[in-house]
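**Student:** Structure in structure tokens, see below.
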Amino acid sequence: MWLVVMFDLPVKTPKDRKAYAQFRKQLLNRGFSMLQYSVYAHYCDSEEASAVFRAQIRAVLPEKGHVRLLLITDRQFGKMESFIGLKSRVPEKPPKQLLLF
């Protein structure tokens, strides 16, 4: 599963910019990767595992702005088409999983 975080946060005042930077830093510290500006994704083993990340994000939500959390399957994520200009780009791959026996 992929947890996608999409957000639009105000950046008009220094306080707003600081809140934006802190929220973005929290996502990066939790292992999220930037797909586009204000769109970040993290691979999760299951929907239950994503609950931890969703709770962590709820705990650091900024006071202003819009934040959306979207959980999609690996198959749905793999069907995403990504372009840079007119050139097609391969979507991100899930990280290799460590198997414990």
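A note on labels: chains of the structure tokens are A, B, ... as shown, every chain counts residues from 1, and ligands are counted from 1 in their shown order.
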Name all residues at most 7 Å from region 17-21 of chain A (count only C-alpha atoms; drop same-chain ones fewer than 5 positions away) and give them as a list in words.

**Tutor:**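 Those residues are Leu9, Val11 and Pro62 of chain A.
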
**Student:** With N, CA, C and O atoms retained, could you export that selection as a tab-separated table (two decimals), in the first residue's frame?

**Tutor:**
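Below is the file that was written, result_22.tsv:
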```tsv
chain	number	residue	atom	x	y	z
A	9	LEU	N	-0.73	24.56	1.79
A	9	LEU	CA	-0.57	25.33	3.02
A	9	LEU	C	-0.22	26.77	2.65
A	9	LEU	O	0.51	27.02	1.70
A	11	VAL	N	1.61	30.35	2.66
A	11	VAL	CA	3.01	30.75	2.87
A	11	VAL	C	3.16	32.27	2.79
A	11	VAL	O	4.20	32.78	2.41
A	62	PRO	N	-0.58	21.29	10.49
A	62	PRO	CA	-0.50	22.73	10.73
A	62	PRO	C	-1.89	23.30	11.00
A	62	PRO	O	-2.90	22.70	10.64
```

**Student:** Within 8 Å of region 33-40 of chain A, counting only C-alpha atoms, which residues show up once you throw out same-chain ones fewer than 2 positions away? Write them as a PyMOL selection string, please.

**Tutor:** chain A and resi 4-8+27-28+31+42

**Student:** Based on the backbone DSSP call, show me all residues of chain A assigned alpha helix (DSSP H), as a ChimeraX atom specification.

**Tutor:** /A:14-29,47-59,74-78

**Student:** Keeping only N, CA and C atoms, write the selected residues to a file as a CSV table (one decimal), in the first residue's frame.

**Tutor:**
```csv
chain,number,residue,atom,x,y,z
A,14,PRO,N,5.7,34.9,7.6
A,14,PRO,CA,6.8,34.1,8.1
A,14,PRO,C,6.3,32.9,9.0
A,15,LYS,N,5.3,33.1,9.8
A,15,LYS,CA,4.7,32.1,10.6
A,15,LYS,C,4.2,30.9,9.7
A,16,ASP,N,3.5,31.3,8.6
A,16,ASP,CA,2.9,30.3,7.7
A,16,ASP,C,4.1,29.5,7.0
A,17,ARG,N,5.1,30.2,6.6
A,17,ARG,CA,6.2,29.5,5.9
A,17,ARG,C,6.9,28.6,6.9
A,18,LYS,N,7.0,29.0,8.2
A,18,LYS,CA,7.7,28.1,9.1
A,18,LYS,C,6.8,26.8,9.4
A,19,ALA,N,5.5,27.0,9.4
A,19,ALA,CA,4.6,25.9,9.6
A,19,ALA,C,4.7,24.9,8.4
A,20,TYR,N,4.8,25.5,7.2
A,20,TYR,CA,4.9,24.7,6.0
A,20,TYR,C,6.2,23.9,6.1
A,21,ALA,N,7.3,24.6,6.4
A,21,ALA,CA,8.6,23.9,6.4
A,21,ALA,C,8.6,22.8,7.5
A,22,GLN,N,8.0,23.1,8.6
A,22,GLN,CA,8.0,22.1,9.7
A,22,GLN,C,7.2,20.8,9.3
A,23,PHE,N,6.1,21.0,8.7
A,23,PHE,CA,5.2,19.9,8.2
A,23,PHE,C,5.9,19.1,7.2
A,24,ARG,N,6.6,19.8,6.2
A,24,ARG,CA,7.3,19.1,5.2
A,24,ARG,C,8.5,18.3,5.8
A,25,LYS,N,9.2,18.9,6.7
A,25,LYS,CA,10.3,18.2,7.4
A,25,LYS,C,9.8,17.0,8.2
A,26,GLN,N,8.6,17.1,8.8
A,26,GLN,CA,8.1,15.9,9.5
A,26,GLN,C,7.8,14.7,8.6
A,27,LEU,N,7.3,15.0,7.4
A,27,LEU,CA,7.1,14.0,6.4
A,27,LEU,C,8.4,13.3,5.9
A,28,LEU,N,9.4,14.2,5.7
A,28,LEU,CA,10.7,13.6,5.2
A,28,LEU,C,11.3,12.8,6.3
A,29,ASN,N,11.2,13.2,7.6
A,29,ASN,CA,11.8,12.5,8.7
A,29,ASN,C,11.1,11.1,8.9
A,47,GLU,N,-2.7,-1.9,5.2
A,47,GLU,CA,-3.5,-0.8,5.6
A,47,GLU,C,-3.3,-0.5,7.1
A,48,GLU,N,-3.2,-1.6,7.9
A,48,GLU,CA,-3.0,-1.5,9.3
A,48,GLU,C,-1.7,-0.8,9.6
A,49,ALA,N,-0.6,-1.1,8.9
A,49,ALA,CA,0.7,-0.4,9.1
A,49,ALA,C,0.6,1.0,8.7
A,50,SER,N,-0.2,1.4,7.8
A,50,SER,CA,-0.4,2.8,7.4
A,50,SER,C,-1.1,3.6,8.5
A,51,ALA,N,-1.8,2.9,9.4
A,51,ALA,CA,-2.5,3.6,10.5
A,51,ALA,C,-1.6,4.4,11.4
A,52,VAL,N,-0.4,3.8,11.6
A,52,VAL,CA,0.6,4.5,12.4
A,52,VAL,C,1.1,5.8,11.8
A,53,PHE,N,1.4,5.8,10.5
A,53,PHE,CA,1.8,7.0,9.8
A,53,PHE,C,0.6,8.0,9.7
A,54,ARG,N,-0.6,7.6,9.5
A,54,ARG,CA,-1.7,8.5,9.5
A,54,ARG,C,-1.9,9.2,10.8
A,55,ALA,N,-1.7,8.4,11.9
A,55,ALA,CA,-1.8,9.0,13.2
A,55,ALA,C,-0.7,10.0,13.5
A,56,GLN,N,0.5,9.7,13.0
A,56,GLN,CA,1.6,10.6,13.2
A,56,GLN,C,1.4,11.9,12.4
A,57,ILE,N,0.8,11.8,11.2
A,57,ILE,CA,0.6,13.0,10.4
A,57,ILE,C,-0.5,13.8,11.1
A,58,ARG,N,-1.6,13.2,11.6
A,58,ARG,CA,-2.6,14.0,12.3
A,58,ARG,C,-2.1,14.7,13.5
A,59,ALA,N,-1.0,14.2,14.1
A,59,ALA,CA,-0.5,14.8,15.3
A,59,ALA,C,0.3,16.1,15.0
A,74,ASP,N,-0.6,-1.0,-4.1
A,74,ASP,CA,0.6,-1.0,-4.9
A,74,ASP,C,0.3,-1.1,-6.4
A,75,ARG,N,-0.7,-1.9,-6.7
A,75,ARG,CA,-1.1,-2.1,-8.1
A,75,ARG,C,-1.6,-0.8,-8.7
A,76,GLN,N,-2.5,0.0,-7.9
A,76,GLN,CA,-3.0,1.3,-8.4
A,76,GLN,C,-1.8,2.2,-8.5
A,77,PHE,N,-0.9,2.2,-7.6
A,77,PHE,CA,0.3,3.1,-7.7
A,77,PHE,C,1.1,2.8,-8.9
A,78,GLY,N,1.2,1.5,-9.2
A,78,GLY,CA,2.0,1.1,-10.4
A,78,GLY,C,1.4,1.5,-11.7
```

**Student:** What is the distance between CA of His66 (chain A) and CA of Tyr43 (chain A), in Å to one decimal?

**Tutor:**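 Between CA of His66 (chain A) and CA of Tyr43 (chain A) the gap works out to 22.0 Å.
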
**Student:** Write down as a PyMOL selection string the residues belonging to chain A that are assigned strand (DSSP E) by DSSP computed on the backbone.

**Tutor:** chain A and resi 2-8+33-36+39-43+66-72+82-84+87-89

**Student:** When distances are computed from only C-alpha atoms, which of A:Met80, A:Leu61, A:Ile72, A:Val90 shows the smallest separation from Trp2 (chain A)?

**Tutor:**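 Among the listed residues, the smallest separation from Trp2 (chain A) belongs to A:Ile72.
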
**Student:** If you measure from CA of Val67 (chain A) to CA of Glu81 (chain A), what distance in Å do you get, rounded to one decimal?

**Tutor:**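 Between CA of Val67 (chain A) and CA of Glu81 (chain A) the gap is 22.8 Å.
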